[in-house]
Every structure is written in structure tokens, then in C-alpha cells.
Amino acid sequence: MTRKIFLLTVITIFVIACGASSDDDPDSGNVTDGFDRGALLTNLADNLIIPAFQDLNVKLTTLKTDKDAFISVPDQTNLDVLRASWLSAYKAWQHVEMYNIGKAEGILYSFQMNVYPVSTIDVEANVSSGGYDLTHTNNNDAVGFPAVDYMLYGIADDDATILGKYSDAKYKTYLSDLINQMQSLTETVLDDWTSSYKATFVSSTSNTVTSSLNKLINDYIFYYEKGLRANKFGIPGGVFSTSPLPEKVEAFYSKELSKELALEALNSVQNIFNGKHYSSNTTGESFKSYLVYLERNDLVTLINSRFDAARVKIETLDANFSTQINTDNAKITEAFDALQLVVVSLKVDMLQAFNISVDFVDADGD
Amino acid sequence: MIWQPFFYTMNLSIKTYLSKNVSAAPLAFFRICFGLMMCFGMIRFWYHGWIDTLYIQPKFNFSYYGFEFIKPLGVYTYLLFVICGLSALFIAFGLKYRIAIITFFLSFTYIELMDKTTYLNHYYFISLLSFLMIFLPANAYFSLDNLLRKKRYETIPKWTTDAIKLLLGIVYFYAGLAKLNSDWLFKAMPLKIWLPSKYDLPLIGESLMSQNWFHYAMSWSGALYDLSIPFLLLYKKTRWFAFALVVFFHVFTRVLFPIGMFPFIMIVSTLIFFEADFHKKIIAFLKRIFRLETNKPSILKVESYKFSYRKPLLITLSLFFCIQLLFPFRYLLYPNELFWTEEGFRFSWRVMLMEKMGMSTFKIVNAKTDDYFYVDNKDFLTPFQEKQMSFQPDFILEYAHFLGDHFTAQGHENVQVFVESYVALNGRLSALFIDKYVDLYQEKESLKPKHWILPLKDEIKGL
């Protein structure tokens, strides 16, 4: 009797399996069980990633133009214009740093764009020697936005002296090379997205360590934990060291911008989570809708409320984090703790819900 | 006394049972398969580079309570695997069997005790099985020892092959019992998390894996399978059907989950349930292919194998099985939810029973000044170790002590170690796992309930 029941169960399962699979759409490369992961990746690529890179590229091109103007006439007006376009590009950068995938990963893009604190010794050495390879790993802390921060705000104590420095052609050359390189790298990454990589990216929806879906999720969480939580708050706030390190804040030399950049980055990660388009209020398929599909509305609500709570904490901080650290570091660690709760939700709850293959050792399971 | 006749009959039937003999072929065949698979397993482990990544690379190893002295041996760890693999090969050939199986048991168990990060129920099963096989005459038939000793045996005591069946039966049945809980049966957890993530499987990925009914069907049939399979294998009428189920079930789980060789080990092991004729045919077939001859006239054919130390042996094995039957229930001695605290979770055939993830951040505090800093776990642990440590209290405690010692040695003063640990179990929202105000550096590992584990704010009913 049991034998018959079992046989019947096995046969039924097989029949259903075969029957259901027969009405698959053979044209579709995407896997769709009820949630379209291809649509998620397409939304991210078309409405968040590529627009962000395009915007960054436009702003870096403007930065280039303003830099050229400044180099030919290094006066206060041109310096102010240059600083403003640097800031607007730096803010756009906060929307792409997490996409360490495809070409960006291949050319170590983010390591050449935003490693801080900048090594002023390396920068000054490059300036005076005039011979350097900006792509070399030893120069990662002498290039990108933090290096420009130093070049525009830090090479002397006041603007008049800074402007004076630019009578020296060596400073002009280095500043020019830095900005040209940033724009050129960005264009390389952008061109790859728009020419061929997008198609590869959106079609790789399987649940493997190397699929773009899994890599993107891993990159996203890694960026949030390292790039945002640790670099912008934890490390300067001293939570990983015995004492605070206020000189390690982002945009250290411009002084008043670390909070603005951090808030921009937080908005960016929350927008990615919700699938909110770059510079528009429309939303599309995202980690959020994937969680909703998996019936985890509780988690969606929790993650968004934790993002919001972290934002509230950050908004109470001084515009210059290094001032904040020196006056009342407890507020920085409070913000860090609020950001940390989001790490828990993303890394523990969201990863558990998605049950994605993470790049742990591929040892056997039970 | 009214009980006397009962004991008398009991005693008599036990005596008759223990004196029964069966063909030596099934156990011999089992020995060959076991040896070959274990040898292959060692080679596979080496080939994947796991000796290096799991045992040599880590700066710190998680030890089992009471076995802290067992550590990886640096580059000599490779030698350990060589010894283990070679002894497995000797087992397969039935060459110096007793020495080979003892060597295998010791080396394999040593390997498993080096770091509990890699704990798997099936490794524990292999350790137990090889321990049991030390006492069984698996070289009585179709072995090189037959040639060396110029003696072979046609039959062996029935209880010897039955002992292996019993061990297999315990593994399955207890795995089934463990599934009788409200998460597994009434929430279809953790399959509800695991199966939908297999959406990329051909054929069944899109259609079946996300279906609610399928999660329940798999949960219930999985539990039913584990509970019934020992009995279905035991009775001749259902045996072939049961074996088909075994193959189907294990192949299916192998497709779904990265469980390595375990499914194949179980499939091959269940062949021991088949009649002697079946094994004799296979052995005859092997003899034909490899042109082997163990029936040479020079070899003395002995009818049945006799143990020299029968009584102490039977007592040892009875004890062994009593422990096996009772040990998985030790969790009843702990007050809190088993899945949450994992006190009494290991060594109990709780296989693929829960989806648990955690994140544990350690805080090193100077008790005098209240200065503190957080630890980056990546500085000390491999990603795999960090993953396993994050949700298992005994790992967390051991690591806290490691950190405390490390930073004290570095010159930090008045070191206290606190942890902020969040754990999510079977799709519940993550919650604080460890009391973050308890200085773990002052807590000692023991078998007593760990008071610093915060209770699960939910109830999981069942065994």
C-alpha cells in the first residue's frame, strides 16, 4: 500500500514537473518563476546605473572644462567655479561607487577614484617629479576625488597662497592629469555599459557566485558596509581603532562637505534598494520588490525605516565630520550604530531571504 | 516473580540471535565500497584545495570542547590526509584490515576534530561507522588478508552486518524525528527559503521551486522518507522500492544542494540491506573482471567466523548503540530553544534542518577607561569561519577568548570582550542573539546552559 502511495507521489511530481516546463517560453533567456530577475537588473541598468554614470561623465567633462579655464587663468573666480564643479561631480560619484562590476571591476575603477585619506606625500612627490603612472596601485591614494580635494583646498592654508602655487606649471599639470584621468576612466566604464556590457549584465540572473545578480547584491552590501559605513563614519570616528582619526574623513581638505557627500551616498543606496530611478521619482523592480515577492514586507519596512533612522542621525551632525569628531565624537558613533543596523538587515535578513550563493569557500554542506 | 519467564525468553532469544550466522559477502562488499569511497573522498578534498583553505590558511581554529589539543599540523596536515586515504585503500583491499581501519578511524576523526567550522553530520557518521567497523570481521571474505592468512570464512555472525544496518537506521530515523517540528511541517521552513533560490535549475527551476505546495510536499515527504526508509529497507518485499527511493531522494538533494559525496555514500551504504546473493553476484563479477582467485586450494575455507573476545566486544557495542540512541536527546537537558541556542544540536542527525545566518561584531573594551574599538573579523577568520562563527554560541565564546588573549598580548589593558550579534532563523527577522552587556572574556566554556544567550522570541514546537 505504502509502495503504491509513494509511486503515485513520485509519478505525480514528475508529471507535473514535465507538464509545467512544457509551456516555457523558449525565447526568453531570463529565468522567471513569478519574479523577473532580468527585469530587476534591467531596471537597475537602464534607470539607475547607466544614468548615474552618464551624469557623472557629464559632470567630469564640465570639471575638465573648468579645470582648463583655471589652468589658463588661475584666479579666485575660476577656482570657485572649479571647486563647485568638483563638488557636483563628487556627489554624482556617490551614486556609482557601489557598482564594482564589469569594466569597473576589471580596471579597478573605484580604487583610482575615491581612496582616502589622500597621501599628500605621494601627491607632492608626483607633482615635483612630474613622472608618474596614475593607474599604478601605489598611486591609488594620490589620485581621484580625494587628490583633487587636496589640490584645490589643501596645498596651502588660504586661497591666495593656493592660487600662488598654481603659478608653478607642475601643479597645473598634475591637476590637469588627475581630472583628465578621472574623466577618461569614467568614460571607459560608461562606454562598456552602453555598448556591450548591459546585455551581459541583465541576462546573468542565475544563482551562482559569478552571476551579475549575485555579484551586484554582494557589491551593494559590501559597499554599504565598507565604502559608506566604515570609510565615511567608522574609521574616522575611531570605532576600529583605539582613538578617533578625524583626518580620515571624506573630503578632508574642503572641510564642509563630508556630511553632504555621506547623505548623498545614503540616498543612493536607499534608492537602489527601492529601485528608484536616478533623478526621478519613478520606481521599478528592485531588491524591495524581490523581497515583496518573497512575502517579506516586514523586512522591506524595517530596512527603509532603518535607512531613515540613520539619515536622521546623520542630519544632526556637523557639516564637517572632522569638526564633529573633535567636538563630540559620540554623535558619529551613534550614526555609525544606526548605519550598522542596516548592515544587519541587508547582510543577515536580506541575504537569507534571497538565499544567494555568496563567495564563501565552496566546501560541502550537510 | 512474574517477570522471570519474560526475562528467560528474552535471554534465550537474544542468545539465539547472537549465534545466528549470515554470509560474509555483504559486509565484504560494504568494506570495499567504503574503502574506495573514503579514498576518493580524501583525494577530492585535496583536489579542491580544501586542506589548504580549511585547515592550513586559518590563523585560528575552532576546537571541540575537550579536544582543544587537536590542531592542524601545518604542512604535515597533507601527510595526515595521505595516511587517511592510504588506510582507506587498505580497507578496500582488505589488507591488514584491522590496522587499516584503526588508522583510518583515528586519522579521519583527527581531521574532523581539527576545526569544528567544517562540522558535517556525515563526517560524524563516517567517524562512527569506521569506529564500529574496527570490531567487525569485514576482511573475512574476498580480502587480501585471506591470501596472507591462508584462511577465509564463509559466514560471520549476523549481528555484525546488522550493526551497520542499525547505525544507518538510526541516522535516517533520527533525521526524520528531528523534522517533526512546527517550522518544518507547518511553515515548510527552511525549504521555503532554499527551494525558490534554485530558480535557475533546468526544467523544475521555474515551475516547481517557487510553488508553495511544493515546499510543503517536500517537507512532509522528506520527513516521511527519513522515518520510514529504514523499515522499508529491512523488509524484503519493499526493499527494491525503498532502494529506488533512496537513489531518487539522494540524487534529488544532490542536485539541489552542495552536499558533496554524502548522497552517494548513503546510496552505496544502503546496499548492505540486500540479500547475500546480490553481493555474491557482484563479487563474482569483480572476480571475473579482475581475474581474481581467492578460492585457491591453499586457502583454508572455514565455515564460520568466531570472535575471540566475544563478550567484552558485545558489551562495548551495546554501550556504543545505547549512547547513539540517547545522545541526540541530550538537548532536552537545556532550557532554551534548541535551534536558537544549538545546545545539543550537533551529533544528533539534525541534517539540513534550519536556515540560520548571523552577524557578530566584537567590541574590545578597556574596563577602566571605557575606551573601545570594534574588531574586523576578517583580520582573524576566513569568510567560512566567520559565517559559521556568527550564529553559533560556542564559536562566539571561543573566538571572544581568542580576541581577548590576542589584544591582551598586544599590550591592551583591562580587556573586556563584548559582542553585538544578530541572528536570523528560518526567515524570522534577525534579533539580538547574545547579551551584549556580558563580558564574554570572563565566561567559560562548559556543557552547562549558556545564560548569556538571549531567548528566541518565538516558539518552535516539536521534537
# chains A, B, ... in the order shown; residues from 1 in each chain; ligands from 1
>>> select_by_dssp(residues="range 96-225 of chain A", states="helix (DSSP H, G or I)", output="VMD selection string")
chain A and resid 103 to 106 110 to 112 120 to 129 137 to 142 144 to 154 159 to 165 169 to 203 212 to 225
>>> interface_residues(of="chain B", to="chain A", cutoff="6 Å", atoms="only C-alpha atoms", output="number ranges by chain")
B: 120, 197, 200, 203-204, 206-207, 258-260, 357-358, 373-374, 383-384
>>> write_last_selection(atoms="N, CA, C and O atoms", output="PDB file, in the first residue's frame")
ATOM      1  N   LEU B 120      30.206  18.463   9.785  1.00  0.00           N
ATOM      2  CA  LEU B 120      29.063  17.998   8.999  1.00  0.00           C
ATOM      3  C   LEU B 120      28.605  16.699   9.626  1.00  0.00           C
ATOM      4  O   LEU B 120      29.416  15.891  10.067  1.00  0.00           O
ATOM      5  N   SER B 197      15.257  29.650  -4.263  1.00  0.00           N
ATOM      6  CA  SER B 197      16.534  30.182  -4.734  1.00  0.00           C
ATOM      7  C   SER B 197      17.164  29.256  -5.775  1.00  0.00           C
ATOM      8  O   SER B 197      18.204  29.577  -6.331  1.00  0.00           O
ATOM      9  N   ASP B 200      17.102  28.681 -10.952  1.00  0.00           N
ATOM     10  CA  ASP B 200      17.870  28.532 -12.186  1.00  0.00           C
ATOM     11  C   ASP B 200      18.124  27.070 -12.575  1.00  0.00           C
ATOM     12  O   ASP B 200      18.894  26.808 -13.487  1.00  0.00           O
ATOM     13  N   LEU B 203      14.392  22.737 -16.169  1.00  0.00           N
ATOM     14  CA  LEU B 203      13.079  22.078 -16.066  1.00  0.00           C
ATOM     15  C   LEU B 203      12.258  22.464 -14.839  1.00  0.00           C
ATOM     16  O   LEU B 203      11.207  23.079 -14.936  1.00  0.00           O
ATOM     17  N   ILE B 204      12.767  22.109 -13.647  1.00  0.00           N
ATOM     18  CA  ILE B 204      11.924  22.301 -12.472  1.00  0.00           C
ATOM     19  C   ILE B 204      12.155  23.640 -11.778  1.00  0.00           C
ATOM     20  O   ILE B 204      11.392  24.028 -10.910  1.00  0.00           O
ATOM     21  N   GLU B 206      11.894  26.854 -12.690  1.00  0.00           N
ATOM     22  CA  GLU B 206      10.906  27.916 -12.808  1.00  0.00           C
ATOM     23  C   GLU B 206       9.522  27.467 -12.362  1.00  0.00           C
ATOM     24  O   GLU B 206       8.750  28.234 -11.819  1.00  0.00           O
ATOM     25  N   SER B 207       9.223  26.181 -12.646  1.00  0.00           N
ATOM     26  CA  SER B 207       7.854  25.745 -12.430  1.00  0.00           C
ATOM     27  C   SER B 207       7.593  25.331 -10.988  1.00  0.00           C
ATOM     28  O   SER B 207       6.621  25.751 -10.382  1.00  0.00           O
ATOM     29  N   PRO B 258      24.628  21.742  -2.285  1.00  0.00           N
ATOM     30  CA  PRO B 258      26.042  21.355  -2.419  1.00  0.00           C
ATOM     31  C   PRO B 258      26.450  20.415  -1.296  1.00  0.00           C
ATOM     32  O   PRO B 258      27.084  20.821  -0.332  1.00  0.00           O
ATOM     33  N   ILE B 259      26.075  19.149  -1.397  1.00  0.00           N
ATOM     34  CA  ILE B 259      26.333  18.255  -0.276  1.00  0.00           C
ATOM     35  C   ILE B 259      27.387  17.212  -0.600  1.00  0.00           C
ATOM     36  O   ILE B 259      27.499  16.209   0.090  1.00  0.00           O
ATOM     37  N   GLY B 260      28.189  17.481  -1.635  1.00  0.00           N
ATOM     38  CA  GLY B 260      29.352  16.649  -1.892  1.00  0.00           C
ATOM     39  C   GLY B 260      29.047  15.183  -2.090  1.00  0.00           C
ATOM     40  O   GLY B 260      28.147  14.817  -2.837  1.00  0.00           O
ATOM     41  N   MET B 357      21.433  32.510   9.805  1.00  0.00           N
ATOM     42  CA  MET B 357      22.533  33.389   9.433  1.00  0.00           C
ATOM     43  C   MET B 357      22.731  34.400  10.534  1.00  0.00           C
ATOM     44  O   MET B 357      21.791  34.752  11.235  1.00  0.00           O
ATOM     45  N   GLY B 358      23.939  34.855  10.663  1.00  0.00           N
ATOM     46  CA  GLY B 358      24.185  35.818  11.718  1.00  0.00           C
ATOM     47  C   GLY B 358      25.267  36.802  11.362  1.00  0.00           C
ATOM     48  O   GLY B 358      25.944  36.678  10.341  1.00  0.00           O
ATOM     49  N   PHE B 373      36.971  49.629  20.861  1.00  0.00           N
ATOM     50  CA  PHE B 373      37.025  49.603  19.404  1.00  0.00           C
ATOM     51  C   PHE B 373      36.429  48.297  18.923  1.00  0.00           C
ATOM     52  O   PHE B 373      36.348  47.326  19.680  1.00  0.00           O
ATOM     53  N   TYR B 374      35.986  48.294  17.650  1.00  0.00           N
ATOM     54  CA  TYR B 374      35.410  47.078  17.080  1.00  0.00           C
ATOM     55  C   TYR B 374      36.481  46.278  16.352  1.00  0.00           C
ATOM     56  O   TYR B 374      37.464  46.827  15.861  1.00  0.00           O
ATOM     57  N   PRO B 383      36.431  33.722   5.569  1.00  0.00           N
ATOM     58  CA  PRO B 383      34.999  34.014   5.391  1.00  0.00           C
ATOM     59  C   PRO B 383      34.114  32.856   5.865  1.00  0.00           C
ATOM     60  O   PRO B 383      33.063  33.072   6.466  1.00  0.00           O
ATOM     61  N   PHE B 384      34.559  31.641   5.619  1.00  0.00           N
ATOM     62  CA  PHE B 384      33.786  30.470   6.030  1.00  0.00           C
ATOM     63  C   PHE B 384      33.711  30.373   7.553  1.00  0.00           C
ATOM     64  O   PHE B 384      32.636  30.134   8.120  1.00  0.00           O
TER      65      PHE B 384
END
>>> residues_around(residues="range 56-62 of chain A", least_positions_apart="5", cutoff="6 Å", atoms="only C-alpha atoms", output="list in words")
Ala89, Ala92 and Gln183 of chain A
>>> residues_around(residues="range 196-203 of chain A", least_positions_apart="5", cutoff="12 Å", atoms="only C-alpha atoms", output="number ranges by chain")
A: 28-32, 36-47, 49-50, 99, 101-104, 188-191, 210-216
>>> closest_residue(among="A:Asp308, A:Trp93, A:Gly237, A:Val300", to="Lys331 in chain A", atoms="only C-alpha atoms")
A:Gly237
>>> closest_residue(among="B:Val22, B:Met218, B:Ile453, B:Met389", to="Asn61 in chain B", atoms="only C-alpha atoms")
B:Met389
>>> closest_residue(among="A:Ile332, A:Val312, A:Leu317, A:Met113", to="Leu185 in chain A", atoms="only C-alpha atoms")
A:Met113
>>> atom_distance(atom1="CA of Trp46 in chain B", atom2="CA of Phe108 in chain B")
13.8 Å
>>> atom_distance(atom1="CA of Asp177 in chain A", atom2="CA of Gln94 in chain A")
21.8 Å
>>> residues_around(residues="Thr135 in chain A", least_positions_apart="5", cutoff="12 Å", atoms="only C-alpha atoms", output="JSON, numbers by chain")
{"A": [107, 108, 109, 110, 111, 112, 113, 140, 141, 142, 143, 144, 177, 178, 181, 182, 184, 185]}
>>> residues_around(residues="Gln324 in chain B", least_positions_apart="2", cutoff="10 Å", atoms="only C-alpha atoms", output="ChimeraX atom specification")
/B:128,167,170-171,318-322,326-329,347-348
>>> residues_around(residues="Phe243 in chain B", least_positions_apart="4", cutoff="10 Å", atoms="only C-alpha atoms", output="list in words")
Ile229, Leu232, Leu233, Thr238, Arg239, Val247, Phe248, Phe249, Ile267, Val268, Thr270, Leu271, Phe273 and Phe274 of chain B
>>> atom_distance(atom1="CA of Ala335 in chain A", atom2="CA of Lys313 in chain A")
5.2 Å
>>> select_by_dssp(residues="range 390-422 of chain B", states="strand (DSSP E or B)", output="PyMOL selection string")
chain B and resi 415-422
>>> decode(residues="range 239-253 of chain A", atoms="all heavy atoms", output="PDB file, in the first residue's frame")
ATOM      1  N   VAL A 239      35.962  53.814  15.535  1.00  0.00           N
ATOM      2  CA  VAL A 239      35.344  52.608  16.089  1.00  0.00           C
ATOM      3  C   VAL A 239      36.188  51.357  15.827  1.00  0.00           C
ATOM      4  O   VAL A 239      35.984  50.337  16.462  1.00  0.00           O
ATOM      5  CB  VAL A 239      33.904  52.379  15.585  1.00  0.00           C
ATOM      6  CG1 VAL A 239      33.012  53.546  15.914  1.00  0.00           C
ATOM      7  CG2 VAL A 239      33.871  52.063  14.119  1.00  0.00           C
ATOM      8  N   PHE A 240      37.132  51.446  14.900  1.00  0.00           N
ATOM      9  CA  PHE A 240      38.000  50.288  14.661  1.00  0.00           C
ATOM     10  C   PHE A 240      39.403  50.516  15.230  1.00  0.00           C
ATOM     11  O   PHE A 240      40.300  49.712  15.016  1.00  0.00           O
ATOM     12  CB  PHE A 240      38.110  49.990  13.162  1.00  0.00           C
ATOM     13  CG  PHE A 240      36.781  49.725  12.521  1.00  0.00           C
ATOM     14  CD1 PHE A 240      36.218  50.641  11.650  1.00  0.00           C
ATOM     15  CD2 PHE A 240      36.092  48.547  12.789  1.00  0.00           C
ATOM     16  CE1 PHE A 240      34.991  50.395  11.061  1.00  0.00           C
ATOM     17  CE2 PHE A 240      34.863  48.297  12.212  1.00  0.00           C
ATOM     18  CZ  PHE A 240      34.307  49.220  11.347  1.00  0.00           C
ATOM     19  N   SER A 241      39.599  51.644  15.890  1.00  0.00           N
ATOM     20  CA  SER A 241      40.926  51.930  16.413  1.00  0.00           C
ATOM     21  C   SER A 241      40.797  52.441  17.836  1.00  0.00           C
ATOM     22  O   SER A 241      39.697  52.700  18.309  1.00  0.00           O
ATOM     23  CB  SER A 241      41.614  52.986  15.541  1.00  0.00           C
ATOM     24  OG  SER A 241      40.751  54.091  15.355  1.00  0.00           O
ATOM     25  N   THR A 242      41.909  52.580  18.518  1.00  0.00           N
ATOM     26  CA  THR A 242      41.839  52.972  19.925  1.00  0.00           C
ATOM     27  C   THR A 242      41.480  54.444  20.106  1.00  0.00           C
ATOM     28  O   THR A 242      41.013  54.835  21.154  1.00  0.00           O
ATOM     29  CB  THR A 242      43.172  52.669  20.636  1.00  0.00           C
ATOM     30  OG1 THR A 242      44.226  52.979  19.729  1.00  0.00           O
ATOM     31  CG2 THR A 242      43.246  51.212  21.026  1.00  0.00           C
ATOM     32  N   SER A 243      41.709  55.251  19.049  1.00  0.00           N
ATOM     33  CA  SER A 243      41.311  56.657  19.175  1.00  0.00           C
ATOM     34  C   SER A 243      40.750  57.140  17.836  1.00  0.00           C
ATOM     35  O   SER A 243      41.039  56.560  16.798  1.00  0.00           O
ATOM     36  CB  SER A 243      42.507  57.506  19.577  1.00  0.00           C
ATOM     37  OG  SER A 243      43.571  57.257  18.683  1.00  0.00           O
ATOM     38  N   PRO A 244      39.938  58.225  17.853  1.00  0.00           N
ATOM     39  CA  PRO A 244      39.348  58.732  16.609  1.00  0.00           C
ATOM     40  C   PRO A 244      40.412  59.236  15.641  1.00  0.00           C
ATOM     41  O   PRO A 244      41.499  59.648  16.056  1.00  0.00           O
ATOM     42  CB  PRO A 244      38.468  59.887  17.087  1.00  0.00           C
ATOM     43  CG  PRO A 244      38.257  59.661  18.530  1.00  0.00           C
ATOM     44  CD  PRO A 244      39.479  58.968  19.033  1.00  0.00           C
ATOM     45  N   LEU A 245      40.109  59.196  14.363  1.00  0.00           N
ATOM     46  CA  LEU A 245      41.062  59.606  13.339  1.00  0.00           C
ATOM     47  C   LEU A 245      40.400  60.633  12.428  1.00  0.00           C
ATOM     48  O   LEU A 245      40.065  60.351  11.287  1.00  0.00           O
ATOM     49  CB  LEU A 245      41.514  58.387  12.527  1.00  0.00           C
ATOM     50  CG  LEU A 245      42.078  57.217  13.339  1.00  0.00           C
ATOM     51  CD1 LEU A 245      42.067  55.932  12.535  1.00  0.00           C
ATOM     52  CD2 LEU A 245      43.486  57.546  13.815  1.00  0.00           C
ATOM     53  N   PRO A 246      40.203  61.870  12.949  1.00  0.00           N
ATOM     54  CA  PRO A 246      39.412  62.870  12.216  1.00  0.00           C
ATOM     55  C   PRO A 246      40.005  63.236  10.857  1.00  0.00           C
ATOM     56  O   PRO A 246      39.292  63.740   9.994  1.00  0.00           O
ATOM     57  CB  PRO A 246      39.398  64.081  13.158  1.00  0.00           C
ATOM     58  CG  PRO A 246      40.516  63.861  14.114  1.00  0.00           C
ATOM     59  CD  PRO A 246      40.672  62.389  14.254  1.00  0.00           C
ATOM     60  N   GLU A 247      41.293  62.969  10.656  1.00  0.00           N
ATOM     61  CA  GLU A 247      41.904  63.319   9.364  1.00  0.00           C
ATOM     62  C   GLU A 247      41.525  62.312   8.283  1.00  0.00           C
ATOM     63  O   GLU A 247      41.891  62.468   7.133  1.00  0.00           O
ATOM     64  CB  GLU A 247      43.424  63.436   9.517  1.00  0.00           C
ATOM     65  CG  GLU A 247      44.184  62.140   9.756  1.00  0.00           C
ATOM     66  CD  GLU A 247      44.055  61.604  11.187  1.00  0.00           C
ATOM     67  OE1 GLU A 247      43.355  62.245  12.017  1.00  0.00           O
ATOM     68  OE2 GLU A 247      44.626  60.537  11.471  1.00  0.00           O
ATOM     69  N   LYS A 248      40.777  61.273   8.671  1.00  0.00           N
ATOM     70  CA  LYS A 248      40.417  60.260   7.679  1.00  0.00           C
ATOM     71  C   LYS A 248      39.022  60.454   7.090  1.00  0.00           C
ATOM     72  O   LYS A 248      38.494  59.570   6.426  1.00  0.00           O
ATOM     73  CB  LYS A 248      40.542  58.859   8.289  1.00  0.00           C
ATOM     74  CG  LYS A 248      41.980  58.500   8.606  1.00  0.00           C
ATOM     75  CD  LYS A 248      42.182  57.003   8.702  1.00  0.00           C
ATOM     76  CE  LYS A 248      43.687  56.695   8.791  1.00  0.00           C
ATOM     77  NZ  LYS A 248      43.960  55.265   8.774  1.00  0.00           N
ATOM     78  N   VAL A 249      38.403  61.597   7.330  1.00  0.00           N
ATOM     79  CA  VAL A 249      37.066  61.821   6.767  1.00  0.00           C
ATOM     80  C   VAL A 249      37.167  62.058   5.259  1.00  0.00           C
ATOM     81  O   VAL A 249      38.235  62.419   4.743  1.00  0.00           O
ATOM     82  CB  VAL A 249      36.332  63.026   7.426  1.00  0.00           C
ATOM     83  CG1 VAL A 249      36.126  62.779   8.910  1.00  0.00           C
ATOM     84  CG2 VAL A 249      37.080  64.313   7.168  1.00  0.00           C
ATOM     85  N   GLU A 250      36.042  61.854   4.595  1.00  0.00           N
ATOM     86  CA  GLU A 250      36.000  62.099   3.155  1.00  0.00           C
ATOM     87  C   GLU A 250      36.034  63.616   2.925  1.00  0.00           C
ATOM     88  O   GLU A 250      35.460  64.377   3.714  1.00  0.00           O
ATOM     89  CB  GLU A 250      34.689  61.517   2.586  1.00  0.00           C
ATOM     90  CG  GLU A 250      34.643  61.410   1.073  1.00  0.00           C
ATOM     91  CD  GLU A 250      33.390  60.671   0.610  1.00  0.00           C
ATOM     92  OE1 GLU A 250      32.396  60.670   1.348  1.00  0.00           O
ATOM     93  OE2 GLU A 250      33.423  60.080  -0.492  1.00  0.00           O
ATOM     94  N   ALA A 251      36.678  64.053   1.856  1.00  0.00           N
ATOM     95  CA  ALA A 251      36.790  65.480   1.523  1.00  0.00           C
ATOM     96  C   ALA A 251      37.335  66.275   2.701  1.00  0.00           C
ATOM     97  O   ALA A 251      36.778  67.286   3.114  1.00  0.00           O
ATOM     98  CB  ALA A 251      35.437  66.036   1.069  1.00  0.00           C
ATOM     99  N   PHE A 252      38.435  65.789   3.251  1.00  0.00           N
ATOM    100  CA  PHE A 252      39.018  66.366   4.462  1.00  0.00           C
ATOM    101  C   PHE A 252      39.431  67.821   4.268  1.00  0.00           C
ATOM    102  O   PHE A 252      39.205  68.663   5.129  1.00  0.00           O
ATOM    103  CB  PHE A 252      40.227  65.529   4.884  1.00  0.00           C
ATOM    104  CG  PHE A 252      40.996  66.083   6.043  1.00  0.00           C
ATOM    105  CD1 PHE A 252      40.445  66.078   7.315  1.00  0.00           C
ATOM    106  CD2 PHE A 252      42.278  66.605   5.876  1.00  0.00           C
ATOM    107  CE1 PHE A 252      41.150  66.577   8.396  1.00  0.00           C
ATOM    108  CE2 PHE A 252      42.984  67.104   6.959  1.00  0.00           C
ATOM    109  CZ  PHE A 252      42.428  67.089   8.219  1.00  0.00           C
ATOM    110  N   TYR A 253      40.015  68.139   3.090  1.00  0.00           N
ATOM    111  CA  TYR A 253      40.594  69.481   2.923  1.00  0.00           C
ATOM    112  C   TYR A 253      39.547  70.542   2.623  1.00  0.00           C
ATOM    113  O   TYR A 253      39.717  71.698   2.979  1.00  0.00           O
ATOM    114  CB  TYR A 253      41.693  69.442   1.846  1.00  0.00           C
ATOM    115  CG  TYR A 253      42.837  68.569   2.301  1.00  0.00           C
ATOM    116  CD1 TYR A 253      42.915  67.233   1.904  1.00  0.00           C
ATOM    117  CD2 TYR A 253      43.792  69.058   3.184  1.00  0.00           C
ATOM    118  CE1 TYR A 253      43.935  66.412   2.363  1.00  0.00           C
ATOM    119  CE2 TYR A 253      44.811  68.243   3.651  1.00  0.00           C
ATOM    120  CZ  TYR A 253      44.882  66.917   3.246  1.00  0.00           C
ATOM    121  OH  TYR A 253      45.877  66.115   3.724  1.00  0.00           O
TER     122      TYR A 253
END
